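S.K.: My file is structure_2.cif. It has mmCIF, C-alpha atoms and all ligand atoms:
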```cif
data_structure
#
loop_
_atom_site.label_atom_id
_atom_site.label_comp_id
_atom_site.auth_asym_id
_atom_site.auth_seq_id
_atom_site.Cartn_x
_atom_site.Cartn_y
_atom_site.Cartn_z
CA MET A 42 -1.93 42.34 -13.76
CA ALA A 43 1.76 41.93 -12.90
CA ALA A 44 2.53 39.35 -10.26
CA GLY A 45 3.29 40.78 -6.84
CA LYS A 46 1.58 44.09 -7.53
CA PRO A 47 -1.00 44.82 -4.87
CA THR A 48 -4.55 44.93 -6.11
CA ASP A 49 -6.78 47.87 -5.13
CA MET A 50 -8.34 45.60 -2.54
CA THR A 51 -5.07 44.57 -0.93
CA ARG A 52 -3.72 48.13 -1.10
CA LYS A 53 -6.85 49.36 0.67
CA SER A 54 -6.46 46.66 3.29
CA LEU A 55 -2.82 47.52 3.79
CA LEU A 56 -3.66 51.17 4.22
CA GLN A 57 -6.42 50.34 6.63
CA THR A 58 -4.28 47.97 8.63
CA THR A 59 -3.29 49.85 11.71
CA SER A 60 0.20 49.58 13.00
CA VAL A 61 0.45 50.53 16.60
CA ALA A 62 3.89 51.73 17.56
CA ALA A 63 5.97 50.22 20.29
CA VAL A 64 5.45 51.70 23.71
CA CYS A 65 8.36 51.32 26.03
CA SER A 66 9.13 53.47 28.99
CA ILE A 67 11.26 52.92 32.02
CA ALA A 68 8.48 54.01 34.35
CA GLY A 69 6.85 50.65 34.72
CA GLU A 70 5.61 49.92 31.20
CA LEU A 71 6.62 46.58 29.74
CA PRO A 72 8.02 46.94 26.23
CA VAL A 73 5.31 46.30 23.69
CA PHE A 74 6.49 45.62 20.18
CA ALA A 75 4.63 46.99 17.20
CA ARG A 76 1.26 45.35 16.97
CA GLU A 77 -0.56 45.00 13.73
CA TYR A 78 -4.29 44.74 13.74
CA ARG A 79 -6.55 43.79 10.90
CA PRO A 80 -8.76 46.51 9.53
CA ILE A 81 -11.96 46.90 11.51
CA LYS A 82 -14.41 44.81 9.54
CA ASN A 83 -17.37 47.14 9.85
CA GLN A 84 -17.24 50.71 11.08
CA GLN A 85 -21.02 50.92 11.28
CA VAL A 86 -21.99 48.99 14.37
CA LYS A 87 -25.43 47.40 14.01
CA LYS A 88 -25.01 44.38 16.25
CA ALA A 89 -23.03 44.25 19.49
CA ALA A 90 -22.44 41.60 22.15
CA VAL A 91 -21.78 42.46 25.78
CA ILE A 92 -20.57 39.33 27.54
CA TRP A 93 -19.48 38.96 31.13
CA TYR A 94 -18.45 36.58 33.85
CA SER A 95 -19.80 37.79 37.16
CA GLN A 96 -19.91 35.97 40.42
CA ALA A 97 -21.47 38.47 42.84
CA GLY A 98 -23.19 40.81 40.36
CA ASN A 99 -20.86 43.83 40.04
CA THR A 100 -19.52 42.92 36.60
CA ARG A 101 -23.03 42.00 35.47
CA ARG A 102 -24.32 45.44 36.49
CA TYR A 103 -21.54 47.14 34.51
CA GLY A 104 -22.21 44.88 31.52
CA GLU A 105 -25.92 45.70 31.61
CA CYS A 106 -25.15 49.40 31.91
CA ALA A 107 -22.80 49.28 28.89
CA ALA A 108 -25.44 47.32 26.94
CA THR A 109 -28.12 49.92 27.70
CA ALA A 110 -25.82 52.73 26.55
CA LEU A 111 -25.17 50.94 23.25
CA SER A 112 -28.88 50.07 22.76
CA ALA A 113 -29.73 53.75 23.18
CA LYS A 114 -27.65 54.36 20.04
CA GLY A 115 -29.96 52.07 18.04
CA ILE A 116 -27.63 49.06 18.18
CA ALA A 117 -29.09 45.55 18.57
CA VAL A 118 -27.31 44.33 21.69
CA THR A 119 -27.04 40.80 23.04
CA ALA A 120 -26.11 41.09 26.72
CA SER A 121 -25.41 37.95 28.67
CA ASP A 122 -23.33 35.91 31.06
CA TYR A 123 -20.77 33.97 29.00
CA ARG A 124 -22.34 30.71 30.06
CA ASP A 125 -25.64 31.64 28.42
CA PHE A 126 -24.04 33.13 25.32
CA ASP A 127 -24.22 31.37 21.96
CA ALA A 128 -20.49 31.31 21.20
CA GLY A 129 -21.11 29.79 17.77
CA GLY A 130 -22.37 33.14 16.51
CA ILE A 131 -19.61 35.29 18.03
CA ASP A 132 -18.22 36.29 14.63
CA ALA A 133 -21.55 37.87 13.61
CA TYR A 134 -21.09 40.94 15.85
CA ASP A 135 -19.73 44.34 14.83
CA LEU A 136 -18.50 45.01 18.38
CA ILE A 137 -17.75 42.70 21.30
CA VAL A 138 -17.50 44.02 24.85
CA ALA A 139 -16.24 41.50 27.41
CA GLY A 140 -15.98 41.95 31.17
CA CYS A 141 -14.92 39.99 34.23
CA PRO A 142 -13.85 40.52 37.83
CA VAL A 143 -10.18 40.53 38.81
CA PHE A 144 -9.52 37.28 40.66
CA TYR A 145 -6.10 36.64 42.15
CA TYR A 146 -4.52 39.47 40.15
CA ASP A 147 -5.75 38.07 36.85
CA VAL A 148 -8.63 37.20 34.53
CA PRO A 149 -10.48 34.28 36.20
CA GLY A 150 -9.22 30.96 34.77
CA ASN A 151 -12.67 29.78 33.68
CA TYR A 152 -13.23 32.96 31.64
CA LYS A 153 -9.74 32.76 30.13
CA GLU A 154 -10.49 29.22 29.05
CA TRP A 155 -13.78 30.24 27.46
CA LEU A 156 -12.26 33.19 25.60
CA SER A 157 -9.42 30.98 24.37
CA SER A 158 -11.93 28.47 23.01
CA LEU A 159 -13.73 31.02 20.82
CA LYS A 160 -13.55 30.80 17.05
CA PRO A 161 -11.71 33.54 15.12
CA ILE A 162 -13.25 37.02 15.18
CA ASP A 163 -11.01 38.58 12.55
CA GLY A 164 -11.37 42.34 12.35
CA THR A 165 -14.05 42.56 15.04
CA PRO A 166 -13.57 45.52 17.38
CA VAL A 167 -13.27 44.40 21.00
CA ALA A 168 -13.44 46.27 24.30
CA GLY A 169 -12.60 44.82 27.71
CA PHE A 170 -13.49 45.89 31.21
CA VAL A 171 -12.82 44.56 34.69
CA SER A 172 -14.52 45.09 38.00
CA PHE A 173 -12.30 44.97 41.05
CA GLY A 174 -12.26 45.48 44.79
CA GLY A 175 -9.96 47.73 46.73
CA ALA A 176 -6.58 49.05 45.74
CA GLY A 177 -3.47 47.52 44.20
CA GLY A 178 -4.80 44.26 42.80
CA ASN A 179 -3.12 44.28 39.38
CA GLN A 180 -6.25 45.60 37.74
CA HIS A 181 -4.56 47.40 34.84
CA ASN A 182 -2.65 44.31 33.76
CA THR A 183 -5.77 42.20 34.07
CA VAL A 184 -7.70 44.28 31.57
CA CYS A 185 -4.65 44.07 29.26
CA THR A 186 -4.75 40.27 29.54
CA LEU A 187 -8.47 40.30 28.79
CA LEU A 188 -7.81 42.33 25.64
CA ASP A 189 -4.88 40.08 24.68
CA LEU A 190 -7.19 37.05 24.78
CA MET A 191 -9.54 38.69 22.28
CA VAL A 192 -6.77 40.15 20.13
CA GLU A 193 -5.32 36.64 19.82
CA LYS A 194 -8.60 35.69 18.16
CA GLY A 195 -8.28 38.50 15.62
CA GLY A 196 -10.09 41.20 17.61
CA VAL A 197 -9.12 44.87 17.27
CA PRO A 198 -8.92 46.64 20.66
CA VAL A 199 -11.06 49.76 20.89
CA GLY A 200 -11.68 50.21 24.62
CA ALA A 201 -10.57 49.34 28.13
CA GLY A 202 -12.39 50.05 31.39
CA LEU A 203 -11.62 49.56 35.08
CA PHE A 204 -14.44 49.89 37.59
CA GLY A 205 -13.89 49.58 41.32
CA ASN A 206 -16.33 48.57 44.03
CA MET A 207 -16.45 46.71 47.34
CA SER A 208 -14.35 43.56 47.22
CA THR A 209 -16.21 40.27 47.24
CA TYR A 210 -13.26 38.25 48.62
CA PRO A 211 -14.73 36.53 51.71
CA PRO A 212 -11.50 35.85 53.63
CA THR A 213 -11.01 39.63 54.06
CA TRP A 214 -14.10 40.26 56.21
CA SER A 215 -14.22 36.76 57.63
CA MET A 216 -10.72 37.30 59.08
CA GLY A 217 -11.87 40.52 60.75
CA MET A 218 -10.67 43.07 58.17
CA GLU A 219 -14.14 44.46 57.53
CA GLU A 220 -12.99 48.08 57.37
CA ARG A 221 -10.85 47.38 54.32
CA ILE A 222 -14.01 46.45 52.44
CA LEU A 223 -16.44 48.91 54.04
CA LYS A 224 -14.23 51.79 52.91
CA TYR A 225 -15.73 51.24 49.46
CA ARG A 226 -19.31 50.61 50.60
CA HIS A 227 -20.57 53.58 48.55
CA LEU A 228 -19.40 51.92 45.31
CA PRO A 229 -20.58 51.44 42.66
CA ASP A 230 -22.13 54.90 42.61
CA LYS A 231 -23.57 57.18 39.93
CA ARG A 232 -20.08 58.22 38.84
CA THR A 233 -19.09 54.57 38.36
CA PHE A 234 -22.04 53.94 36.07
CA ASP A 235 -21.35 57.21 34.19
CA ARG A 236 -17.81 55.96 33.60
CA VAL A 237 -19.17 52.62 32.34
CA ARG A 238 -21.36 54.48 29.81
CA GLU A 239 -18.40 56.63 28.77
CA PHE A 240 -16.34 53.47 28.25
CA ALA A 241 -19.05 51.87 26.08
CA LEU A 242 -19.62 54.98 23.99
CA SER A 243 -15.95 55.82 23.54
CA SER A 244 -15.33 52.21 22.40
CA LEU A 245 -18.14 52.67 19.88
CA GLY A 246 -16.70 56.03 18.82
CA ASN A 247 -13.30 54.41 18.20
CA VAL A 248 -14.93 51.87 15.88
CA GLU A 249 -16.67 54.60 13.92
CA VAL A 250 -13.41 56.48 13.32
CA ASN A 251 -11.36 53.29 12.88
CA LYS A 252 -9.08 54.03 15.82
CA PRO A 253 -7.75 51.07 17.81
CA ILE A 254 -6.37 51.80 21.26
CA THR A 255 -2.84 51.11 22.40
CA TYR A 256 -2.32 49.33 25.68
CA SER A 257 0.59 47.77 27.51
CA LYS A 258 1.12 45.97 30.78
CA LYS A 259 2.89 47.66 33.64
CA PHE A 260 5.74 46.01 35.42
CA ASN A 261 5.39 46.37 39.14
CA PHE A 262 7.90 44.43 41.17
CA SER A 263 5.89 44.19 44.38
CA GLU A 264 2.83 43.00 42.49
CA ALA A 265 4.89 40.45 40.63
CA VAL A 266 6.25 39.10 43.90
CA LYS A 267 3.03 39.00 45.88
CA GLY A 268 1.07 38.32 42.71
CA GLY A 269 -1.91 36.18 41.96
CA PHE A 270 -0.08 32.90 41.86
CA SER A 271 1.03 33.13 45.48
CA ILE A 272 -2.32 34.49 46.67
CA PHE A 273 -4.13 31.70 44.87
CA TRP A 274 -1.90 29.05 46.43
CA GLY A 275 -2.26 30.79 49.78
CA ALA A 276 -6.04 30.53 49.47
CA ARG A 277 -5.72 26.90 48.53
CA LEU A 278 -3.56 26.15 51.54
CA MET A 279 -5.63 28.20 53.99
CA THR A 280 -8.97 26.80 52.92
CA GLY A 281 -9.96 23.87 55.12
CA THR A 282 -13.46 22.47 55.23
CA HIS A 283 -15.53 22.81 52.07
CA ARG A 284 -18.85 21.04 52.29
CA ILE A 285 -22.58 21.63 52.09
CA ASP A 286 -24.34 21.69 55.45
CA ARG A 287 -27.32 19.37 54.88
CA THR A 288 -29.26 20.79 57.79
CA ALA A 289 -29.08 24.35 56.43
CA CYS A 290 -29.25 23.62 52.67
CA ILE A 291 -32.57 24.56 51.04
CA GLN A 292 -31.76 22.72 47.79
CA CYS A 293 -32.06 25.88 45.67
CA GLY A 294 -29.09 24.93 43.46
CA THR A 295 -27.41 28.36 43.61
CA CYS A 296 -24.01 26.89 44.56
CA THR A 297 -24.05 24.49 41.61
CA GLU A 298 -25.14 27.25 39.25
CA LYS A 299 -22.47 29.68 40.49
CA CYS A 300 -19.58 27.20 40.52
CA PRO A 301 -17.69 27.75 37.25
CA THR A 302 -15.95 24.37 37.34
CA GLY A 303 -18.81 22.00 38.14
CA ALA A 304 -17.30 21.12 41.53
CA ILE A 305 -20.63 21.06 43.41
CA ARG A 306 -23.63 18.75 43.08
CA TYR A 307 -26.17 20.27 45.44
CA LYS A 308 -28.70 17.45 45.05
CA ASP A 309 -26.47 15.00 46.90
CA TYR A 310 -24.52 17.69 48.82
CA ALA A 311 -21.29 16.66 47.05
CA VAL A 312 -18.25 18.94 46.75
CA ASP A 313 -15.27 17.87 44.65
CA SER A 314 -12.57 20.05 46.21
CA GLY A 315 -10.07 18.88 43.59
CA LYS A 316 -12.04 20.91 41.04
CA CYS A 317 -12.43 23.99 43.28
CA ILE A 318 -10.64 27.14 42.05
CA TYR A 319 -11.27 29.14 45.26
CA CYS A 320 -13.50 31.72 43.63
CA TYR A 321 -15.90 31.46 46.62
CA GLY A 322 -18.90 31.75 44.27
CA CYS A 323 -20.73 29.13 46.33
CA VAL A 324 -20.20 30.76 49.72
CA ASN A 325 -20.76 34.27 48.35
CA ASN A 326 -24.14 33.48 46.84
CA CYS A 327 -25.74 30.80 49.02
CA PRO A 328 -28.94 32.36 50.38
CA ALA A 329 -29.05 29.98 53.35
CA GLY A 330 -25.46 30.16 54.64
CA ALA A 331 -25.25 26.44 53.94
CA VAL A 332 -21.79 26.38 52.35
CA ASP A 333 -19.53 25.36 55.17
CA MET A 334 -16.08 26.58 54.23
CA THR A 335 -13.19 27.55 56.47
CA TYR A 336 -10.19 29.81 55.92
CA MET A 337 -7.36 29.49 58.43
CA GLY A 338 -9.80 27.63 60.62
CA LYS A 339 -12.45 30.39 60.58
CA LYS A 340 -15.86 29.91 59.00
CA LEU A 341 -16.29 32.05 55.90
CA THR A 342 -19.40 34.15 55.44
CA GLY A 343 -20.52 35.14 51.98
CA PHE A 344 -20.84 38.52 50.27
CA ASN A 345 -24.65 38.44 50.50
CA ASP A 346 -24.47 37.93 54.26
CA PHE A 347 -21.76 40.56 54.64
CA THR A 348 -23.79 43.25 52.83
CA LYS A 349 -26.93 42.25 54.71
CA LYS A 350 -25.12 42.47 58.03
CA HIS A 351 -24.05 46.06 57.26
CA GLY A 352 -27.35 47.09 55.65
CA ILE A 353 -25.72 47.73 52.29
CA ALA A 354 -27.87 47.61 49.17
CA LEU A 355 -25.78 47.74 46.01
CA ASN A 356 -26.65 50.49 43.55
CA ASN A 357 -28.00 49.68 40.13
CA PRO A 358 -27.48 51.89 37.09
CA ALA A 359 -30.06 54.70 37.01
C1 LIG A 401 -11.63 34.89 44.69
C2 LIG A 401 -11.50 36.37 44.55
C3 LIG A 401 -10.28 36.94 44.24
C4 LIG A 401 -10.17 38.34 44.09
N1 LIG A 401 -8.96 38.89 43.73
C5 LIG A 401 -8.87 40.22 43.48
C6 LIG A 401 -7.64 40.80 43.03
O1 LIG A 401 -6.64 40.12 42.84
N2 LIG A 401 -7.61 42.13 42.78
C7 LIG A 401 -8.71 42.93 42.97
O2 LIG A 401 -8.62 44.13 42.73
N3 LIG A 401 -9.89 42.40 43.39
C8 LIG A 401 -9.99 41.08 43.65
N4 LIG A 401 -11.19 40.53 44.06
C9 LIG A 401 -12.38 41.41 44.15
C10 LIG A 401 -13.24 41.29 42.89
O3 LIG A 401 -12.49 41.51 41.73
C11 LIG A 401 -14.39 42.32 42.90
O4 LIG A 401 -15.10 42.25 44.07
C12 LIG A 401 -15.29 42.17 41.68
O5 LIG A 401 -16.04 43.35 41.53
C13 LIG A 401 -16.24 40.99 41.79
O6 LIG A 401 -17.05 40.97 40.62
P1 LIG A 401 -18.45 40.27 40.59
O7 LIG A 401 -19.32 40.94 41.62
O8 LIG A 401 -18.96 40.49 39.21
O9 LIG A 401 -18.23 38.83 40.87
C14 LIG A 401 -11.32 39.16 44.27
C15 LIG A 401 -12.55 38.56 44.63
C16 LIG A 401 -12.64 37.19 44.76
C17 LIG A 401 -13.97 36.57 45.11
#
```
Once more with this new file: its structure as structure tokens, please.
M.R.:
Amino acid sequence: MAAGKPTDMTRKSLLQTTSVAAVCSIAGELPVFAREYRPIKNQQVKKAAVIWYSQAGNTRRYGECAATALSAKGIAVTASDYRDFDAGGIDAYDLIVAGCPVFYYDVPGNYKEWLSSLKPIDGTPVAGFVSFGGAGGNQHNTVCTLLDLMVEKGGVPVGAGLFGNMSTYPPTWSMGMEERILKYRHLPDKRTFDRVREFALSSLGNVEVNKPITYSKKFNFSEAVKGGFSIFWGARLMTGTHRIDRTACIQCGTCTEKCPTGAIRYKDYAVDSGKCIYCYGCVNNCPAGAVDMTYMGKKLTGFNDFTKKHGIALNNPA
């Protein structure tokens, strides 16, 4: 065979390689230059992973719902929090669905770090979804970032989902702005879970017809200015006390388990605030109200307490 002539194999690969054209519009889309994805390694999905980071349970519910929809198609699905997931076997899946909440206008730092540490997943179709609270929190760009993290590993994007619900950001209600959260008290509802199933099944459908999705971030000046960086630093500055109240603590270990950076040792009531990333996972989930944390001098109450106070029981997928 003459040197430089593509073999049947390479020709097939070249034909299968999908070039996604540049998308550039003045109306808020950032220019995206042509992206080349590897061919999808297996269009027949037998094994899928649905992996999430969830602090207060919304993202977990969506992940479980997506997993059930895929299982119903006869696919063997591993569904789990990223911390319980065997990352060593990540390249063995025919489809990876990853989800997280939007924190400070972005993918939470701990989840970014984990996704960045994964081994290559060349040609594996990937779908990303985010759960978010309220309006205008850079949700679209966050799901793009989530996809970027997997595409950097060799993933081929086949789906993106955005699912809104009540915000779990404690300073909002603790500072008296309860109405802003209660406006969304009916969410997630049946329609939300239907949309999650649609997202999972359309991602699967895109794998079967070898059709990656195109996506691009939106430039939004006001979001860029008041963006996550400044909100994060605001939270850092505004947060005062952060300790475990020994008299209230029931030693259940929830705070330690929920903290994604290992900043809390419940056994000896120790909090290393230098490691804290202001995700409020400890205060949101403590069943005894024992996390003593202040924001602008006011004591924060957690999401569990907030929903209890208003008699809200979150819906599960039917
Ligand atoms: C620390 C923190 C920061 C948040 N930042 C944003 C944000 O920037 N944009 C947004 O839409 N929602 C934001 N939220 C709301 C969450 O994204 C939303 O409540 C999400 O569904 C929580 O998911 P989970 O229940 O799986 O933890 C934030 C919540 C917390 C606790």
S.K.: What gap, in Å, lies between CA of Ser215 in chain A and CA of Gly343 in chain A?
M.R.: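 For CA of Ser215 in chain A relative to CA of Gly343 in chain A, the distance reads 8.6 Å.
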S.K.: Name the closest residue to Ser257 in chain A among the candidates A:His181, A:Asn357, A:Phe234, A:Gly217; distances are taken between atoms, counting all atoms listed in the file.
M.R.: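 Residue with the minimum atom-to-atom distance to Ser257 in chain A: A:His181.
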S.K.: Go through the chains and note each residue within 7 Å of ligand LIG 401 (chain A), using all atoms listed in the file, then give the set as a PDB file with C-alpha atoms, in the coordinates of the input.
M.R.:
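Written output follows (result.pdb):
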```pdb
ATOM      1  CA  TYR A  94     -18.450  36.580  33.850  1.00  0.00           C
ATOM      2  CA  SER A  95     -19.800  37.790  37.160  1.00  0.00           C
ATOM      3  CA  GLN A  96     -19.910  35.970  40.420  1.00  0.00           C
ATOM      4  CA  ALA A  97     -21.470  38.470  42.840  1.00  0.00           C
ATOM      5  CA  GLY A  98     -23.190  40.810  40.360  1.00  0.00           C
ATOM      6  CA  ASN A  99     -20.860  43.830  40.040  1.00  0.00           C
ATOM      7  CA  THR A 100     -19.520  42.920  36.600  1.00  0.00           C
ATOM      8  CA  ARG A 101     -23.030  42.000  35.470  1.00  0.00           C
ATOM      9  CA  CYS A 141     -14.920  39.990  34.230  1.00  0.00           C
ATOM     10  CA  PRO A 142     -13.850  40.520  37.830  1.00  0.00           C
ATOM     11  CA  VAL A 143     -10.180  40.530  38.810  1.00  0.00           C
ATOM     12  CA  PHE A 144      -9.520  37.280  40.660  1.00  0.00           C
ATOM     13  CA  TYR A 145      -6.100  36.640  42.150  1.00  0.00           C
ATOM     14  CA  TYR A 146      -4.520  39.470  40.150  1.00  0.00           C
ATOM     15  CA  ASP A 147      -5.750  38.070  36.850  1.00  0.00           C
ATOM     16  CA  SER A 172     -14.520  45.090  38.000  1.00  0.00           C
ATOM     17  CA  PHE A 173     -12.300  44.970  41.050  1.00  0.00           C
ATOM     18  CA  GLY A 174     -12.260  45.480  44.790  1.00  0.00           C
ATOM     19  CA  GLY A 175      -9.960  47.730  46.730  1.00  0.00           C
ATOM     20  CA  ALA A 176      -6.580  49.050  45.740  1.00  0.00           C
ATOM     21  CA  GLY A 177      -3.470  47.520  44.200  1.00  0.00           C
ATOM     22  CA  GLY A 178      -4.800  44.260  42.800  1.00  0.00           C
ATOM     23  CA  ASN A 179      -3.120  44.280  39.380  1.00  0.00           C
ATOM     24  CA  GLN A 180      -6.250  45.600  37.740  1.00  0.00           C
ATOM     25  CA  GLY A 205     -13.890  49.580  41.320  1.00  0.00           C
ATOM     26  CA  ASN A 206     -16.330  48.570  44.030  1.00  0.00           C
ATOM     27  CA  MET A 207     -16.450  46.710  47.340  1.00  0.00           C
ATOM     28  CA  SER A 208     -14.350  43.560  47.220  1.00  0.00           C
ATOM     29  CA  THR A 209     -16.210  40.270  47.240  1.00  0.00           C
ATOM     30  CA  TYR A 210     -13.260  38.250  48.620  1.00  0.00           C
ATOM     31  CA  PRO A 211     -14.730  36.530  51.710  1.00  0.00           C
ATOM     32  CA  GLY A 269      -1.910  36.180  41.960  1.00  0.00           C
ATOM     33  CA  TYR A 319     -11.270  29.140  45.260  1.00  0.00           C
ATOM     34  CA  CYS A 320     -13.500  31.720  43.630  1.00  0.00           C
ATOM     35  CA  TYR A 321     -15.900  31.460  46.620  1.00  0.00           C
ATOM     36  CA  GLY A 322     -18.900  31.750  44.270  1.00  0.00           C
TER      37      GLY A 322
END
```
S.K.: Which of these residues is nearest to Thr335 in chain A, using all atoms listed in the file: A:Met279, A:Val197, A:Ile254, A:Ala133?
M.R.: A:Met279
S.K.: For Gly196 in chain A, which residue among A:Val167, A:Val248, A:Ala359, A:Ala304 is the nearest when counting all atoms listed in the file?
M.R.: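 Of A:Val167, A:Val248, A:Ala359, A:Ala304, the one nearest Gly196 in chain A, counting all atoms listed in the file, is A:Val167.
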S.K.: So, with all atoms listed in the file as the atoms that count, which of A:Pro328, A:Gly352, A:Pro212, A:Pro80 lies closest to Thr295 in chain A?
M.R.: A:Pro328
S.K.: Between CA of Glu77 in chain A and CA of Thr186 in chain A, what distance in Å does the model show, to one decimal?
M.R.: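 Those two atoms sit 17.0 Å apart.
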S.K.: For CA of Lys308 in chain A and CA of Lys340 in chain A, determine how far apart the two atoms are, in Å to one decimal place.
M.R.: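 One can read the CA of Lys308 in chain A to CA of Lys340 in chain A distance as 22.7 Å.
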S.K.: Hey, can you pull every residue with an atom no more than 10 Å from (-8.3, 39.9, 22.4), using only C-alpha atoms, and send it as a list of chain:residue names?
M.R.: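 Those within range, by chain then number, are A:Ile137, A:Ala139, A:Leu156, A:Ser157, A:Ile162, A:Thr165, A:Pro166, A:Val167, A:Ala168, A:Gly169, A:Cys185, A:Thr186, A:Leu187, A:Leu188, A:Asp189, A:Leu190, A:Met191, A:Val192, A:Glu193, A:Lys194, A:Gly195, A:Gly196, A:Val197, A:Pro198.
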S.K.: Can you write out the residues you just picked, keeping C-alpha atoms, as a compact mmCIF listing (two decimals), keeping the file's coordinate frame?
M.R.:
```txt
# COMPACT_ATOMS: atom_id res chain seq x y z
CA ILE A 137 -17.75 42.70 21.30
CA ALA A 139 -16.24 41.50 27.41
CA LEU A 156 -12.26 33.19 25.60
CA SER A 157 -9.42 30.98 24.37
CA ILE A 162 -13.25 37.02 15.18
CA THR A 165 -14.05 42.56 15.04
CA PRO A 166 -13.57 45.52 17.38
CA VAL A 167 -13.27 44.40 21.00
CA ALA A 168 -13.44 46.27 24.30
CA GLY A 169 -12.60 44.82 27.71
CA CYS A 185 -4.65 44.07 29.26
CA THR A 186 -4.75 40.27 29.54
CA LEU A 187 -8.47 40.30 28.79
CA LEU A 188 -7.81 42.33 25.64
CA ASP A 189 -4.88 40.08 24.68
CA LEU A 190 -7.19 37.05 24.78
CA MET A 191 -9.54 38.69 22.28
CA VAL A 192 -6.77 40.15 20.13
CA GLU A 193 -5.32 36.64 19.82
CA LYS A 194 -8.60 35.69 18.16
CA GLY A 195 -8.28 38.50 15.62
CA GLY A 196 -10.09 41.20 17.61
CA VAL A 197 -9.12 44.87 17.27
CA PRO A 198 -8.92 46.64 20.66
```
S.K.: Anything within 10 Å of (-15.6, 48.2, 11.1): list those residues as an mmCIF file with C-alpha atoms, in the frame of the given file, counting only C-alpha atoms and sticking to the file's coordinates.
M.R.:
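Wrote out-v8.cif, looks like this:
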```cif
data_model
loop_
_atom_site.group_PDB
_atom_site.id
_atom_site.type_symbol
_atom_site.label_atom_id
_atom_site.label_comp_id
_atom_site.auth_asym_id
_atom_site.auth_seq_id
_atom_site.Cartn_x
_atom_site.Cartn_y
_atom_site.Cartn_z
ATOM 1 C CA PRO A 80 -8.760 46.510 9.530
ATOM 2 C CA ILE A 81 -11.960 46.900 11.510
ATOM 3 C CA LYS A 82 -14.410 44.810 9.540
ATOM 4 C CA ASN A 83 -17.370 47.140 9.850
ATOM 5 C CA GLN A 84 -17.240 50.710 11.080
ATOM 6 C CA GLN A 85 -21.020 50.920 11.280
ATOM 7 C CA VAL A 86 -21.990 48.990 14.370
ATOM 8 C CA ASP A 135 -19.730 44.340 14.830
ATOM 9 C CA LEU A 136 -18.500 45.010 18.380
ATOM 10 C CA GLY A 164 -11.370 42.340 12.350
ATOM 11 C CA THR A 165 -14.050 42.560 15.040
ATOM 12 C CA PRO A 166 -13.570 45.520 17.380
ATOM 13 C CA VAL A 197 -9.120 44.870 17.270
ATOM 14 C CA ASN A 247 -13.300 54.410 18.200
ATOM 15 C CA VAL A 248 -14.930 51.870 15.880
ATOM 16 C CA GLU A 249 -16.670 54.600 13.920
ATOM 17 C CA VAL A 250 -13.410 56.480 13.320
ATOM 18 C CA ASN A 251 -11.360 53.290 12.880
ATOM 19 C CA LYS A 252 -9.080 54.030 15.820
#
```
S.K.: Which one is closest to Leu355 in chain A: A:Asp230, A:Asp333, A:Asp127, A:Asp235? Count only C-alpha atoms.
M.R.: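 Among the listed residues, A:Asp230 lies closest to Leu355 in chain A.
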S.K.: With distances taken over all atoms listed in the file, which residue among A:Thr302, A:Thr119, A:Asn261, A:Thr297 lies nearest Trp155 in chain A?
M.R.: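 Of the candidates, the smallest distance to Trp155 in chain A is held by A:Thr302.
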S.K.: What are the centre and the three edge lengths of an axis-aligned box that wraps all atoms of range 196-202 of chain A in the file, given that 3 Å is added to every side, written as JSON and rounded to one decimal in Å?
M.R.:
```
{"center_x": -10.7, "center_y": 45.7, "center_z": 24.3, "size_x": 9.5, "size_y": 15.0, "size_z": 20.1}
```
S.K.: With all atoms listed in the file as the counted atoms, please give the residues lying no more than 9 Å from Glu105 in chain A, apart from itself and same-chain residues fewer than 2 positions off, as a list in words.
M.R.: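 So the residues in contact are Val91, Thr100, Arg101, Arg102, Tyr103, Ala107, Ala108, Thr109, Ala110, Ala120, Ser121 and Pro358 of chain A.
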S.K.: Write the residues you've just listed into a file as a PDB file, in the coordinates of the input, and include C-alpha atoms for each of them.
M.R.:
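Written file, result34.pdb:
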```
ATOM      1  CA  VAL A  91     -21.780  42.460  25.780  1.00  0.00           C
ATOM      2  CA  THR A 100     -19.520  42.920  36.600  1.00  0.00           C
ATOM      3  CA  ARG A 101     -23.030  42.000  35.470  1.00  0.00           C
ATOM      4  CA  ARG A 102     -24.320  45.440  36.490  1.00  0.00           C
ATOM      5  CA  TYR A 103     -21.540  47.140  34.510  1.00  0.00           C
ATOM      6  CA  ALA A 107     -22.800  49.280  28.890  1.00  0.00           C
ATOM      7  CA  ALA A 108     -25.440  47.320  26.940  1.00  0.00           C
ATOM      8  CA  THR A 109     -28.120  49.920  27.700  1.00  0.00           C
ATOM      9  CA  ALA A 110     -25.820  52.730  26.550  1.00  0.00           C
ATOM     10  CA  ALA A 120     -26.110  41.090  26.720  1.00  0.00           C
ATOM     11  CA  SER A 121     -25.410  37.950  28.670  1.00  0.00           C
ATOM     12  CA  PRO A 358     -27.480  51.890  37.090  1.00  0.00           C
TER      13      PRO A 358
END
```
S.K.: Would you pick out the contacts of Ile116 in chain A at 8 Å or less, using only C-alpha atoms, so that residues sharing its chain but fewer than 3 positions from it are not included, and give the list as a PyMOL selection string?
M.R.: chain A and resi 86-89+111-113
S.K.: May I have the residues within 8 Å of Phe240 in chain A as a PyMOL selection string, using all atoms listed in the file and disregarding those fewer than 2 positions away in the same chain?
M.R.: chain A and resi 107+200-202+236-238+242-244
S.K.: Let's have the selection written as a CSV table (one decimal), in the frame of the given file, with C-alpha atoms.
M.R.:
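What ended up in out35.csv:
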```
chain,number,residue,atom,x,y,z
A,107,ALA,CA,-22.8,49.3,28.9
A,200,GLY,CA,-11.7,50.2,24.6
A,201,ALA,CA,-10.6,49.3,28.1
A,202,GLY,CA,-12.4,50.0,31.4
A,236,ARG,CA,-17.8,56.0,33.6
A,237,VAL,CA,-19.2,52.6,32.3
A,238,ARG,CA,-21.4,54.5,29.8
A,242,LEU,CA,-19.6,55.0,24.0
A,243,SER,CA,-16.0,55.8,23.5
A,244,SER,CA,-15.3,52.2,22.4
```
